[in-house]
Structure formats: structure tokens, C-alpha cells
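Okay, start.txt is below, compact mmCIF, C-alpha atoms:
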# COMPACT_ATOMS: atom_id res chain seq x y z
CA MET T 1 0.00 0.00 0.00
CA LEU T 2 1.51 3.33 -1.09
CA PHE T 3 0.48 6.77 0.15
CA PRO T 4 -0.61 9.17 -2.65
CA GLY T 5 0.76 12.69 -2.79
CA PHE T 6 4.36 11.71 -1.93
CA PRO T 7 7.17 11.75 -4.48
CA ALA T 8 8.01 8.30 -5.84
CA PHE T 9 11.26 8.03 -3.87
CA LEU T 10 9.45 8.92 -0.63
CA GLN T 11 6.62 6.43 -0.99
CA ILE T 12 6.03 4.52 2.26
CA ARG T 13 4.18 1.23 2.43
CA LEU T 14 2.04 0.15 5.35
CA LEU T 15 4.44 -2.76 5.85
CA ASP T 16 7.28 -0.24 6.26
CA ILE T 17 5.43 1.42 9.13
CA ILE T 18 4.75 -1.95 10.77
CA ASP T 19 8.40 -2.87 10.29
CA ILE T 20 9.55 0.34 12.01
CA LEU T 21 7.12 -0.17 14.90
CA LEU T 22 8.29 -3.75 15.48
CA VAL T 23 11.94 -2.67 15.49
CA ALA T 24 11.08 0.12 17.95
CA ILE T 25 9.35 -2.38 20.27
CA LEU T 26 12.33 -4.75 20.14
CA LEU T 27 14.75 -1.90 20.89
CA TYR T 28 12.56 -0.78 23.80
CA TYR T 29 12.58 -4.23 25.41
CA LEU T 30 16.32 -4.53 24.76
CA TYR T 31 16.85 -1.22 26.55
CA LYS T 32 14.73 -2.37 29.51
CA ILE T 33 16.82 -5.52 29.84
CA ILE T 34 20.28 -3.91 29.71
CA ARG T 35 19.39 -0.66 31.52
CA GLY T 36 21.48 -0.20 34.64
CA THR T 37 23.85 -3.06 33.83
CA GLY T 38 27.40 -3.18 32.50
CA ALA T 39 25.96 -4.41 29.21
CA MET T 40 24.71 -0.89 28.50
CA ASN T 41 28.26 0.49 28.37
CA ILE T 42 29.38 -2.40 26.16
CA PHE T 43 26.44 -1.81 23.83
CA LEU T 44 27.26 1.90 23.55
CA GLY T 45 30.90 1.01 22.87
CA ILE T 46 29.91 -1.30 20.01
CA ILE T 47 27.70 1.41 18.50
CA SER T 48 30.60 3.88 18.77
CA ILE T 49 32.90 1.51 16.91
CA TYR T 50 30.33 1.06 14.16
CA ILE T 51 29.89 4.84 13.78
CA ILE T 52 33.68 5.32 13.60
CA TRP T 53 33.93 2.52 11.00
CA TRP T 54 31.23 4.19 8.92
CA PHE T 55 33.10 7.53 8.97
CA VAL T 56 36.52 6.06 8.12
CA ARG T 57 34.91 4.27 5.17
CA LEU T 58 33.34 7.53 4.07
CA PHE T 59 36.73 9.29 4.15
CA GLU T 60 38.45 6.27 2.53
CA MET T 61 40.91 5.68 5.36
CA GLU T 62 41.87 2.20 4.23
CA LEU T 63 43.97 1.03 7.18
CA LEU T 64 41.40 1.91 9.84
CA THR T 65 38.61 0.64 7.60
CA GLU T 66 40.32 -2.75 7.34
CA ILE T 67 41.03 -3.01 11.09
CA LEU T 68 37.54 -1.98 12.19
CA GLY T 69 35.99 -4.05 9.41
CA GLN T 70 37.61 -7.19 10.82
CA PHE T 71 36.10 -6.42 14.20
CA ILE T 72 32.63 -5.79 12.77
CA SER T 73 32.77 -8.93 10.60
CA VAL T 74 32.71 -11.05 13.78
CA GLY T 75 30.32 -8.66 15.49
CA VAL T 76 27.37 -11.05 15.62
CA LEU T 77 29.46 -13.76 17.27
CA ALA T 78 30.92 -11.23 19.71
CA LEU T 79 27.43 -10.00 20.58
CA ILE T 80 26.26 -13.53 21.35
CA VAL T 81 29.24 -14.14 23.65
CA VAL T 82 29.22 -10.78 25.42
CA PHE T 83 25.45 -10.45 25.78
CA GLN T 84 24.69 -14.09 26.56
CA PRO T 85 22.85 -13.31 29.87
CA GLU T 86 20.84 -10.51 28.26
CA ILE T 87 19.94 -12.64 25.22
CA ARG T 88 18.81 -15.42 27.54
CA LYS T 89 16.70 -12.96 29.52
CA PHE T 90 15.15 -11.56 26.33
CA LEU T 91 14.24 -15.05 25.09
CA LEU T 92 12.69 -15.84 28.48
CA LEU T 93 10.64 -12.67 28.15
CA LEU T 94 9.40 -13.67 24.70
CA GLY T 95 8.55 -17.15 25.93
CA THR T 96 6.34 -16.12 28.84
CA ARG T 97 2.75 -14.97 28.93
CA SER T 98 3.81 -11.73 30.65
CA PHE T 99 5.11 -10.55 27.28
CA LEU T 100 1.56 -10.63 25.90
CA GLY T 101 0.24 -8.19 28.45
CA LYS T 102 -2.35 -8.57 31.16
CA ARG T 103 -5.42 -8.08 28.95
CA THR T 104 -4.31 -10.72 26.48
CA ARG T 105 -3.56 -13.14 29.33
CA ASN T 106 -7.03 -12.56 30.77
CA PHE T 107 -8.63 -13.15 27.37
CA PHE T 108 -6.88 -16.48 26.95
CA GLY T 109 -6.86 -17.28 30.68
CA ARG T 110 -9.53 -19.96 30.37
CA PHE T 111 -7.05 -22.16 28.50
CA TRP T 112 -4.57 -22.39 31.37
CA GLN T 113 -6.51 -21.87 34.60
CA SER T 114 -5.23 -24.03 37.41
CA SER T 115 -7.27 -26.69 39.14
CA GLU T 116 -8.76 -26.11 42.58
CA GLU T 117 -6.00 -27.95 44.45
CA ASN T 118 -3.32 -25.83 42.77
CA ARG T 119 -4.76 -22.48 43.82
CA LEU T 120 -2.19 -20.37 45.60
CA ASN T 121 -2.85 -20.01 49.33
CA ILE T 122 -2.23 -16.29 49.48
CA ASN T 123 -3.59 -15.85 53.00
CA ASP T 124 -1.01 -18.20 54.51
CA ILE T 125 1.84 -16.51 52.63
CA VAL T 126 0.79 -13.04 53.79
CA THR T 127 0.19 -14.16 57.40
CA ALA T 128 3.55 -15.92 57.55
CA CYS T 129 5.35 -12.84 56.17
CA GLU T 130 3.57 -10.63 58.71
CA ARG T 131 4.59 -12.89 61.62
CA LEU T 132 8.17 -13.21 60.33
CA SER T 133 8.31 -9.44 60.00
CA GLY T 134 7.15 -9.04 63.60
CA THR T 135 9.98 -11.21 64.88
CA ARG T 136 12.52 -9.81 62.39
CA THR T 137 13.13 -13.24 60.92
CA GLY T 138 14.74 -13.07 57.48
CA ALA T 139 12.96 -14.82 54.62
CA LEU T 140 13.16 -15.12 50.85
CA ILE T 141 10.13 -16.61 49.08
CA VAL T 142 10.00 -17.14 45.31
CA ILE T 143 6.66 -17.90 43.63
CA THR T 144 6.94 -19.20 40.08
CA LYS T 145 4.64 -18.41 37.18
CA GLU T 146 5.55 -19.72 33.71
CA ASN T 147 9.21 -20.52 34.44
CA ASN T 148 9.46 -23.43 36.88
CA LEU T 149 13.04 -22.56 37.90
CA ASP T 150 14.04 -26.23 37.87
CA PHE T 151 17.75 -25.36 37.84
CA PHE T 152 17.46 -23.33 41.05
CA VAL T 153 15.21 -25.92 42.67
CA GLU T 154 17.99 -28.50 42.25
CA THR T 155 20.40 -26.31 44.23
CA GLY T 156 18.30 -26.68 47.40
CA GLN T 157 16.63 -29.29 49.57
CA ILE T 158 13.73 -30.88 47.71
CA MET T 159 10.51 -30.85 49.77
CA ASP T 160 7.41 -31.02 47.53
CA ALA T 161 5.16 -30.11 50.45
CA VAL T 162 1.76 -28.42 50.52
CA LEU T 163 2.11 -24.72 51.30
CA SER T 164 1.05 -23.63 54.80
CA ARG T 165 1.75 -20.80 57.21
CA GLU T 166 3.20 -23.11 59.84
CA LEU T 167 5.61 -24.70 57.37
CA LEU T 168 6.82 -21.33 56.10
CA GLU T 169 7.51 -20.12 59.64
CA ASN T 170 9.32 -23.33 60.58
CA ILE T 171 11.54 -23.22 57.50
CA PHE T 172 12.71 -19.66 58.19
CA TYR T 173 13.04 -20.12 61.96
CA LYS T 174 16.54 -18.89 62.81
CA ASN T 175 17.74 -22.24 64.16
CA SER T 176 16.26 -24.24 61.29
CA PRO T 177 18.81 -25.91 58.98
CA LEU T 178 16.71 -24.78 56.00
CA HIS T 179 16.38 -21.08 56.85
CA ASP T 180 19.41 -19.92 54.85
CA GLY T 181 18.54 -19.42 51.20
CA ALA T 182 15.26 -19.20 49.31
CA ILE T 183 12.19 -21.37 49.09
CA ILE T 184 10.54 -21.89 45.70
CA ILE T 185 6.77 -22.28 45.46
CA THR T 186 4.98 -23.71 42.43
CA LYS T 187 1.24 -24.42 42.25
CA ASN T 188 0.73 -24.02 46.00
CA ARG T 189 3.53 -26.49 46.84
CA ILE T 190 6.90 -25.71 48.35
CA ARG T 191 9.17 -27.47 45.87
CA ALA T 192 12.45 -26.82 47.67
CA ALA T 193 14.09 -24.84 50.46
CA ARG T 194 17.62 -23.50 50.96
CA CYS T 195 17.86 -22.73 47.23
CA VAL T 196 20.74 -20.71 45.81
CA LEU T 197 19.65 -17.86 43.56
CA PRO T 198 21.63 -15.63 41.18
CA VAL T 199 22.38 -12.17 42.55
CA SER T 200 21.71 -9.03 40.56
CA GLU T 201 24.73 -7.24 39.12
CA SER T 202 22.83 -4.03 38.44
CA LYS T 203 24.78 -0.88 39.28
CA MET T 204 21.50 0.78 40.25
CA PHE T 205 20.92 -1.65 43.12
CA PRO T 206 21.02 0.12 46.54
CA ALA T 207 24.33 -0.69 48.25
CA TYR T 208 22.79 -0.76 51.73
CA LEU T 209 20.55 -3.75 50.95
CA GLY T 210 21.74 -7.28 51.63
CA LEU T 211 22.08 -10.48 49.64
CA ARG T 212 18.44 -11.52 50.12
CA HIS T 213 17.22 -8.44 48.27
CA ARG T 214 19.93 -8.75 45.63
CA ALA T 215 19.04 -12.42 45.07
CA ALA T 216 15.34 -11.54 44.82
CA VAL T 217 16.09 -9.02 42.09
CA GLY T 218 18.49 -11.47 40.44
CA VAL T 219 15.93 -14.27 40.08
CA SER T 220 13.33 -11.80 38.74
CA GLU T 221 15.85 -10.64 36.12
CA GLN T 222 16.12 -14.18 34.78
CA SER T 223 12.48 -15.28 35.06
CA ASP T 224 8.89 -14.09 35.50
CA ALA T 225 8.79 -15.22 39.15
CA ILE T 226 7.62 -13.03 42.04
CA ALA T 227 10.03 -12.76 44.98
CA ILE T 228 9.11 -11.72 48.53
CA VAL T 229 11.75 -10.65 51.06
CA VAL T 230 11.49 -10.14 54.81
CA SER T 231 14.46 -8.20 56.13
CA GLU T 232 16.27 -9.69 59.11
CA GLN T 233 17.61 -6.27 60.15
CA THR T 234 14.44 -4.16 59.91
CA GLY T 235 11.60 -6.67 59.59
CA ARG T 236 10.32 -4.79 56.54
CA ILE T 237 8.61 -6.69 53.73
CA SER T 238 9.58 -6.18 50.10
CA TRP T 239 8.55 -7.77 46.84
CA VAL T 240 10.19 -7.90 43.43
CA LYS T 241 8.69 -8.27 39.97
CA ASP T 242 10.54 -7.85 36.66
CA ALA T 243 13.61 -6.64 38.58
CA ASN T 244 11.58 -3.80 40.16
CA LEU T 245 11.97 -3.75 43.93
CA LYS T 246 9.14 -2.41 46.10
CA ARG T 247 10.23 -1.93 49.71
CA ASN T 248 8.49 -1.43 53.04
CA ILE T 249 5.09 -2.69 51.95
CA LYS T 250 2.22 -3.55 54.29
CA PRO T 251 0.66 -7.02 54.49
CA VAL T 252 -2.54 -5.76 52.85
CA GLU T 253 -0.50 -4.41 49.94
CA LEU T 254 1.28 -7.76 49.63
CA LYS T 255 -2.07 -9.56 49.51
CA GLU T 256 -3.40 -7.21 46.84
CA MET T 257 -0.27 -7.67 44.73
CA LEU T 258 -0.43 -11.46 44.93
CA ALA T 259 -4.14 -11.37 44.06
CA ARG T 260 -3.35 -9.35 40.94
CA GLU T 261 -0.41 -11.48 39.83
CA PHE T 262 -2.10 -14.82 40.53
CA SER T 263 -5.69 -13.87 39.75
CA ASN T 264 -6.41 -17.20 38.07
CA VAL T 265 -5.06 -19.13 41.07
CA PHE T 266 -6.26 -16.86 43.87
CA GLU T 267 -7.76 -18.31 47.02
CA ASN T 268 -10.17 -15.97 48.82

Would you encode the structure as C-alpha cells?
Amino acid sequence: MLFPGFPAFLQIRLLDIIDILLVAILLYYLYKIIRGTGAMNIFLGIISIYIIWWFVRLFEMELLTEILGQFISVGVLALIVVFQPEIRKFLLLLGTRSFLGKRTRNFFGRFWQSSEENRLNINDIVTACERLSGTRTGALIVITKENNLDFFVETGQIMDAVLSRELLENIFYKNSPLHDGAIIITKNRIRAARCVLPVSESKMFPAYLGLRHRAAVGVSEQSDAIAIVVSEQTGRISWVKDANLKRNIKPVELKEMLAREFSNVFEN
């Protein structure tokens, strides 16, 4: 489809507009993934090299053109090696329902609604976090969505137990052998405790927060899971989604957040 009234060399097809929009969306998500990480500086450095290569070609500087051309010729391979974590994160994003948006998920929700026994027991999670907060007992709870986090489950003590408030409190009791590390919950079952999670390497992460918060952000960077943290120093509750950390939240706010995120598996 061409637009009338434009000179022939300026004719734009509808497919050209769609093409530009898709590229803009991909660049936006790429920026969200690498924002605040060391990958951003590397990405800017690669762009700078490409711009310099373009100029030296324009001015016919043969030696520099040849040197920079050799670097750019292996650019795709270099990008795969250097940006391997970011590429993995981007592919995870594409492969999850969160990429489709909440309205689309709700429209198709009837195709993947969980059975009654798999409904997330939100009340017990919130009550346990509130009681742990009152005693300043540190906790790190990860609730999976599309990504089952099998690799991280294998790093801990397999449990496969039905979720309950009492079990959560016992796991994170200070003298419990399972309290150190994270628990991973899938379909209202505690799959494993004492799990080792990746820590965020973001330069924007507050330096005064500890490893629990950094690990919560780290696992949300690599998956669509929701992480809940109870601080051992302050007793404050935090939650993390898509690498965004919300601190000092009240139990009622935690319950509302879980109800939104797990609306198709919500237990009243």
C-alpha cells in the first residue's frame, strides 16, 4: 500500500510502518533488559565503533577501515558471547505470557486456569510474612509463574510439600537448617528450600541492601517469578517483579499484589 501525494522516492508502504514499529518495540525491550547493567556500556561502545567505522569508510581511510571491518565482521558472534545473559533474559521474556500483556492473558486465561487444588494459598503466605516481620526473621520466598526454575530448585533441599503458614515459619526459623537461602513455590507447593539464587549485578541496586534483596532481584531478572523478602535487620517486607523492587510494603499491599499477579489461582 503506497500513500498518494508523496514523491516516488518517498513512498512509504504500510508494511514499512509496521516494520519500524516492530523494530522500535524490540529496541525498547532490549533497553529495559540492559538498563542499569554493564551491558549498556558495552552496547554503547559497540555502537561507537560502528559509527567510527562508517566515517573512516566515508573518508576512505583504508587502514582503519580494514582493522575496524575485521572487528565488525565477527560482530554477531561477539554479541552472542558478550550479551549471553541478556539474550537469555530476552528469550525468556518472549517465551512467557507476561510478554503478551495482562489483557491478552485474561482473554486467553480460560485455556490455562489451574485446578482447585493448585490455587495459591495467598492468605497463609501473607500471614507468615507478617509474623516473620514481627519477629525480624529473614525470609526469601520465590513464587513461580511460567518458568518453573528447575535449575534453582535442584540447588536446594527438595521438599514437595503443601504450602502452609506453619511450614513457612518453621523453614525460616533462625535455628532451622533450611532457613538460609530461598524457598521456591509452584502451584501451591513448596518445591524446595535453601535454594541458591543468582544475585543481581545491576549498578543501580542500593548498596545498603543485603544479599536476600539482591538475590530476589536477580531471580526476577532471569524469570517471571515473584520474589518476597522479609528483612532480618528491619523486619520490613519487600517484593520484586521484573527486577523492580518495592520496599516497606504492608501485608494488605502484599495480599493485593499477589491477588493481581495470581488472579487465576487466587484463594479468597

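For the pair CA of Leu178 (chain T) and CA of Ala259 (chain T), the interatomic distance is 27.5 Å.
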
### Query
Which of these, T:Arg260, T:Lys255, T:Arg13, T:Arg212, has the shortest distance to Ala128 (chain T) once you count only C-alpha atoms?
T:Lys255

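Distance check against Arg194 (chain T) using all atoms listed in the file: of T:Leu140, T:Ile122, T:Lys246, T:His213, the minimum falls on T:Leu140.
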
### Query
Ile183 (chain T): which residues within 6 Å, counting all atoms listed in the file, same-chain residues fewer than 4 positions away excluded, as a count of residues only?
3

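In this model, the gap between CA of Leu30 (chain T) and CA of Ile46 (chain T) comes to 14.8 Å.
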
### Message
Residues within 10 Å of Thr155 (chain T), please, as number ranges by chain. Count only C-alpha atoms; anything in the same chain fewer than 2 positions from it doesn't count.
### Response
T: 150-153, 157-158, 181, 192-197

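Distances to Asp242 (chain T) were evaluated for T:Glu261, T:Glu221, T:Glu166, T:Glu256 using all atoms listed in the file, and the minimum falls at T:Glu221.
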
### Task
Grab the CA of Val229 (chain T) to CA of Cys129 (chain T) distance for me, in Å with one decimal place.
8.5 Å

### Task
Can you work out which one of T:Arg131, T:Glu60, T:Ile80, T:Leu254 has the shortest atom-to-atom distance to Phe43 (chain T), counting all atoms listed in the file?
T:Ile80

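Using only C-alpha atoms for every distance, the candidate list T:Leu44, T:Leu22, T:Val142, T:Val126 yields T:Val126 as the residue closest to Ile249 (chain T).
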